[in-house]
file entry.txt (compact mmCIF, C-alpha atoms and all ligand atoms)
# COMPACT_ATOMS: atom_id res chain seq x y z
CA MET P 1 80.32 84.57 99.29
CA SER P 2 80.85 83.54 95.70
CA ARG P 3 81.28 85.39 92.46
CA VAL P 4 77.89 84.10 91.30
CA PRO P 5 76.11 85.87 89.68
CA GLU P 6 78.91 87.24 87.54
CA SER P 7 76.91 90.11 86.10
CA ILE P 8 74.11 92.22 87.58
CA VAL P 9 72.13 95.04 86.02
CA PHE P 10 70.47 97.56 88.33
CA ARG P 11 67.43 99.31 86.84
CA ASN P 12 66.13 102.76 87.66
CA ALA P 13 68.62 103.52 90.44
CA ARG P 14 68.82 106.86 92.23
CA ILE P 15 72.55 107.45 92.54
CA ILE P 16 74.12 109.33 95.44
CA ASP P 17 77.89 109.68 95.42
CA GLY P 18 78.32 112.91 97.36
CA THR P 19 79.13 115.09 94.35
CA ALA P 20 75.64 116.65 94.30
CA ASP P 21 73.06 117.60 96.90
CA ARG P 22 70.38 115.48 95.24
CA PRO P 23 70.29 112.01 93.67
CA ARG P 24 70.77 111.38 89.96
CA ASN P 25 67.54 109.60 89.09
CA GLY P 26 66.62 106.83 86.68
CA VAL P 27 70.06 105.33 86.10
CA ASP P 28 70.87 101.81 84.88
CA VAL P 29 74.15 100.31 86.11
CA LEU P 30 75.76 97.14 84.82
CA ILE P 31 78.43 95.29 86.78
CA ALA P 32 80.36 92.25 85.62
CA ASP P 33 83.45 90.36 86.80
CA GLY P 34 83.89 92.60 89.82
CA ARG P 35 83.85 95.92 87.95
CA ILE P 36 81.30 98.51 86.91
CA ARG P 37 80.95 98.08 83.14
CA ASP P 38 78.27 100.51 82.09
CA LEU P 39 76.13 103.31 83.44
CA SER P 40 73.35 105.04 81.55
CA ASP P 41 70.48 107.46 82.01
CA GLY P 42 68.70 105.30 79.44
CA PHE P 43 68.04 101.55 79.25
CA ILE P 44 71.11 99.29 79.18
CA LYS P 45 70.40 96.41 76.84
CA THR P 46 72.09 93.40 78.36
CA LYS P 47 71.60 89.77 79.31
CA ALA P 48 72.92 89.99 82.86
CA ASP P 49 72.75 87.00 85.21
CA LEU P 50 70.63 89.03 87.58
CA GLU P 51 68.36 92.03 87.10
CA ILE P 52 67.45 94.19 90.10
CA ASP P 53 64.81 96.90 89.98
CA LEU P 54 65.87 99.70 92.33
CA THR P 55 62.79 101.89 91.88
CA GLY P 56 62.47 104.00 95.02
CA LYS P 57 65.88 102.93 96.33
CA PHE P 58 69.30 104.64 96.39
CA LEU P 59 72.59 103.36 95.05
CA LEU P 60 75.86 104.56 96.59
CA PRO P 61 79.49 103.65 96.04
CA GLY P 62 80.80 101.42 98.81
CA LEU P 63 81.99 103.63 101.67
CA ILE P 64 85.65 104.30 102.49
CA ASP P 65 87.08 104.90 105.96
CA CYS P 66 90.53 106.50 105.62
CA HIS P 67 91.65 105.98 109.20
CA VAL P 68 91.10 102.69 111.01
CA HIS P 69 93.09 100.24 113.13
CA VAL P 70 91.62 96.80 112.55
CA VAL P 71 94.06 95.16 114.98
CA ALA P 72 93.09 97.51 117.82
CA THR P 73 90.95 94.93 119.57
CA THR P 74 90.68 96.89 122.83
CA VAL P 75 91.04 100.56 123.77
CA ARG P 76 93.90 99.50 126.07
CA LEU P 77 96.58 99.65 123.40
CA ALA P 78 99.58 98.72 125.58
CA GLU P 79 97.78 95.49 126.52
CA ASN P 80 96.66 94.93 122.91
CA ALA P 81 100.31 94.90 121.81
CA LEU P 82 100.95 91.93 124.12
CA PHE P 83 98.05 89.77 122.91
CA SER P 84 99.05 86.76 120.85
CA ASP P 85 98.86 87.22 117.08
CA SER P 86 96.24 84.48 116.85
CA LEU P 87 93.94 86.20 119.34
CA VAL P 88 94.38 89.54 117.57
CA THR P 89 93.56 87.92 114.21
CA ALA P 90 90.46 86.25 115.62
CA LYS P 91 89.23 89.53 117.07
CA ALA P 92 90.11 91.48 113.90
CA ILE P 93 87.82 89.16 111.93
CA GLY P 94 84.89 90.46 113.98
CA ILE P 95 86.01 94.08 113.54
CA LEU P 96 86.34 93.71 109.75
CA GLY P 97 82.96 91.96 109.52
CA GLY P 98 81.31 94.83 111.37
CA MET P 99 82.83 97.35 108.97
CA ILE P 100 81.46 95.72 105.83
CA ARG P 101 78.05 95.32 107.47
CA ARG P 102 78.06 99.10 107.92
CA GLY P 103 78.68 99.57 104.18
CA PHE P 104 82.45 100.15 104.24
CA THR P 105 84.04 98.31 101.32
CA THR P 106 87.53 99.89 101.63
CA VAL P 107 89.38 100.93 104.78
CA ARG P 108 92.84 102.41 105.12
CA ASP P 109 94.62 100.98 108.13
CA CYS P 110 96.81 103.67 109.70
CA GLY P 111 98.87 101.40 111.90
CA GLY P 112 98.94 97.73 112.81
CA ALA P 113 97.40 95.58 110.09
CA ASP P 114 99.84 93.47 108.08
CA TYR P 115 100.01 92.03 104.59
CA GLY P 116 98.72 88.67 105.84
CA LEU P 117 95.43 90.19 106.98
CA GLN P 118 95.12 92.07 103.70
CA GLN P 119 95.68 88.83 101.78
CA ALA P 120 93.20 86.92 103.92
CA VAL P 121 90.51 89.46 103.02
CA GLU P 122 91.49 89.40 99.36
CA LEU P 123 91.30 85.59 99.28
CA GLY P 124 87.84 85.71 100.85
CA LEU P 125 89.03 83.93 104.01
CA ILE P 126 87.98 86.93 106.08
CA LYS P 127 84.79 88.79 105.23
CA GLY P 128 85.59 92.46 105.33
CA PRO P 129 86.45 95.63 103.44
CA ARG P 130 89.45 95.89 101.11
CA LEU P 131 92.45 96.82 103.28
CA VAL P 132 94.97 99.50 102.36
CA ILE P 133 97.81 99.26 104.86
CA SER P 134 100.71 101.27 106.31
CA GLY P 135 102.23 98.42 108.28
CA LYS P 136 103.38 99.67 111.69
CA ALA P 137 103.06 103.36 112.55
CA LEU P 138 106.46 104.81 113.48
CA SER P 139 107.22 107.38 116.16
CA GLN P 140 110.22 108.59 118.09
CA THR P 141 110.99 107.17 121.54
CA GLY P 142 108.36 108.52 123.91
CA GLY P 143 106.12 109.42 120.95
CA HIS P 144 102.64 108.26 120.02
CA SER P 145 103.72 104.76 118.91
CA ASP P 146 105.59 104.18 122.16
CA PHE P 147 103.30 102.47 124.64
CA ARG P 148 106.06 101.60 127.11
CA GLY P 149 105.41 103.35 130.41
CA ARG P 150 107.92 105.49 132.28
CA TYR P 151 109.73 102.48 133.78
CA ASP P 152 109.60 100.19 130.76
CA THR P 153 113.00 100.07 129.06
CA ARG P 154 112.48 97.06 126.78
CA PRO P 155 113.68 97.70 123.22
CA SER P 156 110.81 99.07 121.18
CA GLU P 157 111.66 97.17 117.97
CA TRP P 158 110.27 94.06 119.66
CA PHE P 159 106.79 95.50 119.13
CA GLY P 160 107.44 95.74 115.39
CA ASN P 161 106.74 92.01 115.13
CA ARG P 162 103.60 91.91 117.27
CA LEU P 163 100.38 91.96 115.25
CA GLY P 164 98.59 93.73 118.12
CA ALA P 165 101.05 96.64 118.20
CA LEU P 166 99.82 99.61 116.17
CA GLY P 167 103.40 100.79 115.86
CA TYR P 168 106.77 101.08 117.53
CA ALA P 169 109.47 103.63 118.25
CA VAL P 170 112.49 104.17 116.03
CA ASP P 171 114.94 107.07 116.26
CA GLY P 172 117.50 108.74 114.04
CA VAL P 173 117.65 109.32 110.30
CA GLU P 174 119.26 106.05 109.30
CA ASN P 175 117.24 103.85 111.65
CA LEU P 176 114.05 105.48 110.44
CA ARG P 177 115.12 105.02 106.83
CA LEU P 178 115.57 101.30 107.49
CA ALA P 179 112.25 101.05 109.36
CA VAL P 180 110.40 102.71 106.47
CA ARG P 181 112.05 100.33 104.01
CA LYS P 182 111.05 97.39 106.22
CA GLN P 183 107.41 98.51 106.20
CA LEU P 184 107.49 98.86 102.40
CA LYS P 185 109.12 95.46 101.99
CA ALA P 186 106.43 93.94 104.21
CA GLY P 187 103.69 95.35 101.96
CA ALA P 188 102.97 98.86 103.27
CA GLN P 189 101.18 100.96 100.63
CA PHE P 190 101.92 104.23 102.43
CA ILE P 191 103.94 105.25 105.47
CA LYS P 192 102.43 106.36 108.77
CA LEU P 193 104.40 108.55 111.17
CA MET P 194 103.48 110.16 114.45
CA GLY P 195 104.43 113.84 114.18
CA ASN P 196 102.74 115.04 117.35
CA GLY P 197 101.87 113.87 120.84
CA GLY P 198 98.80 111.68 121.24
CA VAL P 199 95.93 110.81 123.52
CA ALA P 200 96.20 107.04 123.94
CA SER P 201 99.98 106.90 124.56
CA PRO P 202 101.42 107.34 128.06
CA THR P 203 104.34 109.81 127.91
CA ASP P 204 103.59 112.38 125.17
CA PRO P 205 101.34 115.38 125.82
CA VAL P 206 99.34 116.44 122.75
CA GLU P 207 101.47 119.54 122.07
CA PHE P 208 104.79 117.62 121.86
CA LEU P 209 106.33 117.53 118.39
CA GLY P 210 107.38 114.16 116.98
CA TYR P 211 110.51 113.58 114.90
CA SER P 212 113.13 116.08 113.80
CA ARG P 213 112.79 117.75 110.41
CA ASP P 214 115.59 115.55 109.07
CA GLU P 215 113.78 112.41 110.16
CA LEU P 216 110.48 113.57 108.63
CA LYS P 217 112.22 114.43 105.35
CA THR P 218 113.96 111.06 105.27
CA ALA P 219 110.67 109.16 105.61
CA VAL P 220 109.15 111.33 102.88
CA GLU P 221 112.11 110.67 100.60
CA GLU P 222 111.85 106.90 101.09
CA ALA P 223 108.08 106.93 100.57
CA LYS P 224 108.49 108.93 97.37
CA MET P 225 111.11 106.50 96.12
CA ALA P 226 108.47 103.79 96.50
CA LYS P 227 105.96 106.04 94.63
CA THR P 228 103.85 106.60 97.70
CA TYR P 229 103.43 109.16 100.48
CA VAL P 230 103.63 109.81 104.20
CA ALA P 231 100.55 110.24 106.36
CA ALA P 232 101.22 111.69 109.79
CA HIS P 233 99.33 111.86 113.05
CA LEU P 234 99.14 115.62 113.70
CA TYR P 235 96.91 117.81 115.85
CA THR P 236 98.47 121.23 116.42
CA ALA P 237 98.98 123.97 113.83
CA GLU P 238 102.69 124.01 114.72
CA SER P 239 103.09 120.29 114.04
CA ILE P 240 101.07 120.47 110.80
CA LYS P 241 103.13 123.35 109.37
CA ARG P 242 106.37 121.57 110.15
CA ALA P 243 105.22 118.28 108.64
CA VAL P 244 103.87 119.88 105.45
CA GLU P 245 107.12 121.80 105.03
CA CYS P 246 108.95 118.46 105.23
CA GLY P 247 106.75 116.92 102.52
CA VAL P 248 104.11 115.03 104.49
CA ARG P 249 101.05 114.73 102.22
CA CYS P 250 98.27 113.40 104.41
CA ILE P 251 97.36 115.11 107.68
CA GLU P 252 95.60 112.77 110.12
CA HIS P 253 93.21 114.35 112.68
CA ALA P 254 94.23 118.04 112.16
CA THR P 255 92.03 118.80 115.14
CA LEU P 256 93.92 121.87 116.39
CA THR P 257 94.73 123.35 112.99
CA ASP P 258 94.49 127.08 112.34
CA GLY P 259 93.71 128.85 109.08
CA ALA P 260 97.38 129.33 108.17
CA ALA P 261 98.24 125.65 108.64
CA ALA P 262 95.14 124.65 106.65
CA SER P 263 96.16 126.96 103.78
CA LEU P 264 99.61 125.44 103.81
CA ILE P 265 98.12 121.95 103.41
CA GLN P 266 96.03 123.20 100.49
CA GLN P 267 98.97 124.92 98.77
CA ALA P 268 101.05 121.75 99.03
CA ASN P 269 98.21 119.70 97.44
CA GLY P 270 97.84 117.87 100.73
CA VAL P 271 94.78 116.19 102.16
CA ALA P 272 93.37 115.83 105.66
CA VAL P 273 91.57 113.04 107.50
CA PRO P 274 89.75 114.43 110.53
CA THR P 275 88.53 111.85 113.08
CA LEU P 276 85.85 113.04 115.50
CA ILE P 277 84.07 109.93 116.70
CA ILE P 278 87.04 108.37 118.49
CA PHE P 279 87.24 111.25 120.94
CA GLU P 280 83.48 111.32 121.50
CA SER P 281 83.29 107.58 122.12
CA LEU P 282 86.31 107.55 124.45
CA LYS P 283 84.86 110.48 126.35
CA LYS P 284 81.61 108.55 126.77
CA ARG P 285 82.89 105.00 127.35
CA GLY P 286 86.65 105.22 127.93
CA LYS P 287 86.56 105.02 131.71
CA GLU P 288 84.28 101.98 131.77
CA LEU P 289 86.45 100.26 129.13
CA GLY P 290 89.66 100.79 131.10
CA PHE P 291 91.18 103.50 128.87
CA PRO P 292 94.19 104.65 130.97
CA LYS P 293 93.63 107.56 133.36
CA GLU P 294 96.46 109.69 131.94
CA ALA P 295 94.97 109.22 128.47
CA MET P 296 91.42 110.07 129.60
CA ALA P 297 92.78 113.39 130.85
CA LYS P 298 93.96 114.32 127.32
CA ILE P 299 90.72 113.65 125.39
CA ASP P 300 89.21 117.12 125.69
CA ASP P 301 92.45 118.68 124.40
CA VAL P 302 91.45 117.43 120.95
CA ARG P 303 87.73 116.60 121.20
CA LEU P 304 86.24 120.05 121.64
CA SER P 305 87.84 121.65 118.58
CA GLY P 306 86.88 118.86 116.15
CA PRO P 307 83.87 120.52 114.49
CA SER P 308 85.57 123.92 114.09
CA ALA P 309 88.61 122.22 112.51
CA LEU P 310 86.29 120.85 109.81
CA GLU P 311 85.13 124.40 109.07
CA THR P 312 88.70 125.72 108.97
CA LEU P 313 89.82 122.97 106.56
CA LYS P 314 86.78 123.51 104.34
CA ARG P 315 87.41 127.27 104.18
CA ALA P 316 90.98 126.61 103.06
CA GLY P 317 89.79 124.18 100.38
CA VAL P 318 91.56 121.11 101.80
CA PRO P 319 90.07 117.80 100.54
CA MET P 320 88.87 115.85 103.56
CA GLY P 321 88.62 112.08 103.85
CA PHE P 322 86.25 110.31 106.23
CA GLY P 323 88.15 108.84 109.19
CA THR P 324 87.22 107.32 112.53
CA ASP P 325 90.34 105.94 114.31
CA LEU P 326 88.18 103.73 116.54
CA LEU P 327 89.66 101.22 118.94
CA GLY P 328 88.41 97.89 120.24
CA GLU P 329 85.01 98.05 121.85
CA THR P 330 84.19 101.39 120.17
CA HIS P 331 84.26 100.18 116.54
CA GLN P 332 80.47 99.90 116.57
CA TYR P 333 80.27 103.73 116.49
CA GLN P 334 82.04 104.00 113.08
CA SER P 335 79.06 105.48 111.21
CA GLU P 336 78.33 108.02 113.96
CA GLU P 337 81.15 110.04 112.34
CA PHE P 338 78.60 110.98 109.64
CA ILE P 339 76.36 112.56 112.29
CA LEU P 340 79.20 114.48 113.95
CA ARG P 341 80.39 115.94 110.64
CA HIS P 342 76.88 116.88 109.61
CA GLN P 343 76.79 119.31 112.56
CA VAL P 344 78.93 121.64 110.43
CA LEU P 345 78.89 120.24 106.86
CA PRO P 346 76.03 119.55 104.42
CA ALA P 347 75.05 115.88 104.07
CA HIS P 348 76.39 115.50 100.53
CA GLU P 349 79.82 116.82 101.57
CA VAL P 350 79.95 114.38 104.46
CA ILE P 351 79.09 111.52 102.10
CA ARG P 352 81.65 112.79 99.59
CA SER P 353 84.34 112.51 102.30
CA ALA P 354 83.62 108.75 102.39
CA THR P 355 83.46 108.35 98.60
CA VAL P 356 85.17 110.57 96.01
CA ASP P 357 87.36 112.54 98.42
CA ALA P 358 88.39 109.40 100.31
CA ALA P 359 89.48 107.87 97.00
CA THR P 360 91.66 110.96 96.49
CA VAL P 361 93.21 110.47 99.92
CA LEU P 362 94.03 106.85 99.04
CA GLY P 363 95.26 107.75 95.54
CA MET P 364 92.61 105.40 94.09
CA GLU P 365 90.53 107.89 92.09
CA GLY P 366 88.27 106.22 89.56
CA LEU P 367 88.73 102.82 91.19
CA ILE P 368 86.75 103.23 94.40
CA GLY P 369 84.32 105.77 95.85
CA CYS P 370 82.53 106.34 92.55
CA ILE P 371 80.01 104.65 90.27
CA LYS P 372 81.77 104.83 86.92
CA PRO P 373 82.76 102.30 84.27
CA GLY P 374 86.12 100.77 85.23
CA ALA P 375 85.67 101.21 88.98
CA PHE P 376 85.44 98.23 91.33
CA ALA P 377 81.84 97.07 91.72
CA ASP P 378 81.66 98.27 95.34
CA LEU P 379 78.04 99.30 95.88
CA ILE P 380 75.49 99.76 98.60
CA VAL P 381 71.74 99.97 98.14
CA MET P 382 69.91 102.16 100.65
CA ASP P 383 66.19 102.24 101.41
CA THR P 384 66.34 105.81 102.80
CA ASN P 385 67.79 108.95 101.23
CA PRO P 386 70.81 109.85 103.39
CA LEU P 387 70.90 113.36 101.86
CA ASN P 388 67.61 114.02 103.68
CA ASP P 389 68.39 111.94 106.74
CA ILE P 390 72.08 111.29 107.38
CA SER P 391 71.22 109.03 110.31
CA ALA P 392 70.29 106.41 107.68
CA MET P 393 74.06 105.79 107.46
CA THR P 394 74.04 104.55 111.08
CA GLY P 395 72.33 101.54 112.65
CA GLN P 396 74.90 98.88 111.61
CA GLY P 397 73.67 98.79 108.00
CA ARG P 398 69.97 98.71 108.93
CA HIS P 399 69.11 100.94 105.96
CA MET P 400 71.43 99.09 103.56
CA PRO P 401 69.54 96.07 102.22
CA MET P 402 72.31 95.25 99.76
CA ILE P 403 76.11 95.48 100.08
CA ILE P 404 78.43 94.42 97.24
CA LYS P 405 82.22 94.42 97.22
CA GLU P 406 84.07 93.85 93.96
CA GLY P 407 81.02 92.20 92.46
CA ILE P 408 80.54 89.85 95.39
CA ILE P 409 77.23 90.15 97.22
CA HIS P 410 77.98 90.38 100.93
CA LYS P 411 74.41 91.12 101.94
CA ASN P 412 71.10 90.88 100.13
CA LYS P 413 67.91 91.67 101.99
CA LEU P 414 66.13 92.98 98.89
CA LYS P 415 62.92 91.18 97.83
ZN ZN D 501 95.01 106.30 114.42
call {"tool": "encode", "arguments": {"input": "entry.txt", "output": "structure tokens"}}
result
Amino acid sequence: MSRVPESIVFRNARIIDGTADRPRNGVDVLIADGRIRDLSDGFIKTKADLEIDLTGKFLLPGLIDCHVHVVATTVRLAENALFSDSLVTAKAIGILGGMIRRGFTTVRDCGGADYGLQQAVELGLIKGPRLVISGKALSQTGGHSDFRGRYDTRPSEWFGNRLGALGYAVDGVENLRLAVRKQLKAGAQFIKLMGNGGVASPTDPVEFLGYSRDELKTAVEEAKMAKTYVAAHLYTAESIKRAVECGVRCIEHATLTDGAAASLIQQANGVAVPTLIIFESLKKRGKELGFPKEAMAKIDDVRLSGPSALETLKRAGVPMGFGTDLLGETHQYQSEEFILRHQVLPAHEVIRSATVDAATVLGMEGLIGCIKPGAFADLIVMDTNPLNDISAMTGQGRHMPMIIKEGIIHKNKLK
């Protein structure tokens, strides 16, 4: 993993970025010093360190997953929160490595990862995708960040300092204000709240609402002051409407949305990040992996409506980012999300959710998710056209002979 060669020119690439239903053929792309420098339908005259002929191959922007938890090293989240930070870090290294092998060069962590992990990736100490982090996800007592069981009365703030905790509970306007400020101080690039009940947590049925309107508005105010936004875990139409009215920009999951809630997201210039694969993989493997019984019982509440929610959001014109939300042993299924979405969306739209639209979700338009001069040189070469066969995205990078992040070659099986 070194920045040698410093410049590469790709010849005769067939570019797929999700904005069209067929590749743009015969393109030359020049990258240098970690960025894309030039792109041309004609011949780029250059003395690059390396020249790669991509005749017959496909060039895509590095993929973006807008909803991950890289410190979720097991599906048993209450137990995960008690693991030592060193064990969590060691296991997260494997999770991050798997992600970049699948072609993901940026992931947005929606609860758990800290600034230290982000720095370790940036410094090249951990091989993995660029991390965009929220710090700890915040919920009310008994909400989706509260993994204390019925009889557990330990203070929740204690979990705020555990690397393995995806979040913790904090209540009341002023306490939440302070907690948001603490996340921002610690390096959070956006704020993650739990505005609805959840599957993996022990005491909150899916239909429960999370946080009062005043609390939601306070978090939004603080995020805006820091020039960022709030993303909230939300399933039901009721919870989505309430959150959007309070200024929440990014709707995570949105599985039980209706048309009216979807329109409201669109009118507020909001975005959504559906996550289908987590529910499918927990349904299939949760019991064997020790996913708690009370949580298993909630999976179908959100799993069955996943595909129709995609259709509802599309009809309303809501930009959708690619998200997976996988935990522990299920991370290997990350790219299966492409297959699930393709049940109801055309292949290029599914790819766009992991490129251009994901960049919109992250507020990084023009920097990631596209092949344009000025963008990071995050690129994957594919030997199969995923527009014709979306399953080429799966197989742990089997159809991706080359993966580059910020100009650094992470994999090269060309030749
Ligand atoms: Zn999540």
call {"tool": "closest_atom_pairs", "arguments": {"input": "entry.txt", "of": "range 173-233 of chain P", "to": "range 353-367 of chain P", "cutoff": "10 Å", "atoms": "only C-alpha atoms", "output": "CSV"}}
result
residue,atom,partner,partner_atom,distance
P:Gln189,CA,P:Leu362,CA,9.4
P:Phe190,CA,P:Leu362,CA,9.0
P:Thr228,CA,P:Gly363,CA,8.9
P:Tyr229,CA,P:Gly363,CA,9.7
P:Ala231,CA,P:Val361,CA,9.8
call {"tool": "atom_distance", "arguments": {"input": "entry.txt", "atom1": "CA of Gly103 in chain P", "atom2": "CA of Val70 in chain P"}}
result
15.7 Å
call {"tool": "residues_around", "arguments": {"input": "entry.txt", "residues": "range 332-334 of chain P", "least_positions_apart": "5", "cutoff": "9 Å", "atoms": "all atoms listed in the file", "output": "ChimeraX atom specification"}}
result
/P:65,95,98-99,102,277-278,281,323-326,394,396
call {"tool": "residues_near_point", "arguments": {"input": "entry.txt", "point": "(70.9, 107.9, 104.1)", "cutoff": "12 Å", "atoms": "only C-alpha atoms", "output": "ChimeraX atom specification"}}
result
/P:15-18,22-23,57-60,102-103,335,338-339,347-348,350-351,380-395,397-400
call {"tool": "atom_distance", "arguments": {"input": "entry.txt", "atom1": "CA of Ile240 in chain P", "atom2": "CA of Thr74 in chain P"}}
result
28.4 Å
call {"tool": "residues_around", "arguments": {"input": "entry.txt", "residues": "Lys405 in chain P", "least_positions_apart": "5", "cutoff": "10 Å", "atoms": "all atoms listed in the file", "output": "VMD selection string"}}
result
chain P and resid 34 to 35 61 to 62 100 103 to 106 128 to 130 376 to 380 410 to 411
call {"tool": "residues_near_ligand", "arguments": {"input": "entry.txt", "ligand": "ligand ZN 501 (chain D)", "cutoff": "10 Å", "atoms": "all atoms listed in the file", "output": "ChimeraX atom specification"}}
result
/P:66-69,72,109-112,137,144-145,166,192,194,198,200,232-233,252-253,275,278,323-327
call {"tool": "residues_around", "arguments": {"input": "entry.txt", "residues": "range 262-274 of chain P", "least_positions_apart": "6", "cutoff": "6 Å", "atoms": "all atoms listed in the file", "output": "PyMOL selection string"}}
result
chain P and resi 249-254+313+316+318-321+323
call {"tool": "write_last_selection", "arguments": {"input": "entry.txt", "atoms": "C-alpha atoms", "output": "PDB file, in the coordinates of the input"}}
result
ATOM      1  CA  ARG P 249     101.050 114.730 102.220  1.00  0.00           C
ATOM      2  CA  CYS P 250      98.270 113.400 104.410  1.00  0.00           C
ATOM      3  CA  ILE P 251      97.360 115.110 107.680  1.00  0.00           C
ATOM      4  CA  GLU P 252      95.600 112.770 110.120  1.00  0.00           C
ATOM      5  CA  HIS P 253      93.210 114.350 112.680  1.00  0.00           C
ATOM      6  CA  ALA P 254      94.230 118.040 112.160  1.00  0.00           C
ATOM      7  CA  LEU P 313      89.820 122.970 106.560  1.00  0.00           C
ATOM      8  CA  ALA P 316      90.980 126.610 103.060  1.00  0.00           C
ATOM      9  CA  VAL P 318      91.560 121.110 101.800  1.00  0.00           C
ATOM     10  CA  PRO P 319      90.070 117.800 100.540  1.00  0.00           C
ATOM     11  CA  MET P 320      88.870 115.850 103.560  1.00  0.00           C
ATOM     12  CA  GLY P 321      88.620 112.080 103.850  1.00  0.00           C
ATOM     13  CA  GLY P 323      88.150 108.840 109.190  1.00  0.00           C
TER      14      GLY P 323
END
call {"tool": "residues_around", "arguments": {"input": "entry.txt", "residues": "Thr203 in chain P", "least_positions_apart": "2", "cutoff": "9 Å", "atoms": "all atoms listed in the file", "output": "PDB file with C-alpha atoms, keeping the file's coordinate frame"}}
result
ATOM      1  CA  GLY P 142     108.360 108.520 123.910  1.00  0.00           C
ATOM      2  CA  GLY P 143     106.120 109.420 120.950  1.00  0.00           C
ATOM      3  CA  HIS P 144     102.640 108.260 120.020  1.00  0.00           C
ATOM      4  CA  ASP P 146     105.590 104.180 122.160  1.00  0.00           C
ATOM      5  CA  PHE P 147     103.300 102.470 124.640  1.00  0.00           C
ATOM      6  CA  ARG P 148     106.060 101.600 127.110  1.00  0.00           C
ATOM      7  CA  GLY P 149     105.410 103.350 130.410  1.00  0.00           C
ATOM      8  CA  ARG P 150     107.920 105.490 132.280  1.00  0.00           C
ATOM      9  CA  GLY P 197     101.870 113.870 120.840  1.00  0.00           C
ATOM     10  CA  GLY P 198      98.800 111.680 121.240  1.00  0.00           C
ATOM     11  CA  SER P 201      99.980 106.900 124.560  1.00  0.00           C
ATOM     12  CA  PRO P 205     101.340 115.380 125.820  1.00  0.00           C
ATOM     13  CA  GLU P 294      96.460 109.690 131.940  1.00  0.00           C
TER      14      GLU P 294
END
call {"tool": "axis_aligned_box", "arguments": {"input": "entry.txt", "around": "range 14-30 of chain P", "padding_each_side": "5 Å", "output": "lines of an AutoDock Vina configuration file"}}
result
center_x = 72.9
center_y = 107.4
center_z = 91.1
size_x = 22.5
size_y = 30.5
size_z = 22.5
call {"tool": "atom_distance", "arguments": {"input": "entry.txt", "atom1": "CA of Leu54 in chain P", "atom2": "CA of Ala13 in chain P"}}
result
5.1 Å
call {"tool": "closest_residue", "arguments": {"input": "entry.txt", "among": "P:Cys370, P:Ile299, P:Leu125, P:Leu176", "to": "Arg285 in chain P", "atoms": "all atoms listed in the file"}}
result
P:Ile299
call {"tool": "closest_residue", "arguments": {"input": "entry.txt", "among": "P:Asp301, P:Ile133, P:Leu289, P:Glu215", "to": "Thr73 in chain P", "atoms": "all atoms listed in the file"}}
result
P:Leu289
call {"tool": "closest_residue", "arguments": {"input": "entry.txt", "among": "P:Thr153, P:Ser139, P:Ser7, P:Asn161", "to": "Leu193 in chain P", "atoms": "all atoms listed in the file"}}
result
P:Ser139
call {"tool": "residues_near_point", "arguments": {"input": "entry.txt", "point": "(95.3, 95.8, 103.0)", "cutoff": "7 Å", "atoms": "only C-alpha atoms", "output": "PyMOL selection string"}}
result
chain P and resi 115+117-118+130-133
call {"tool": "closest_residue", "arguments": {"input": "entry.txt", "among": "P:Asp38, P:Glu288, P:Asp258, P:Asp171", "to": "Tyr211 in chain P", "atoms": "only C-alpha atoms"}}
result
P:Asp171
call {"tool": "residues_around", "arguments": {"input": "entry.txt", "residues": "Ile36 in chain P", "least_positions_apart": "3", "cutoff": "8 Å", "atoms": "all atoms listed in the file", "output": "list in words"}}
result
Val29, Leu30, Ile31, Ala32, Leu39, Ile371, Lys372, Pro373, Gly374, Ala375, Phe376 and Ala377 of chain P
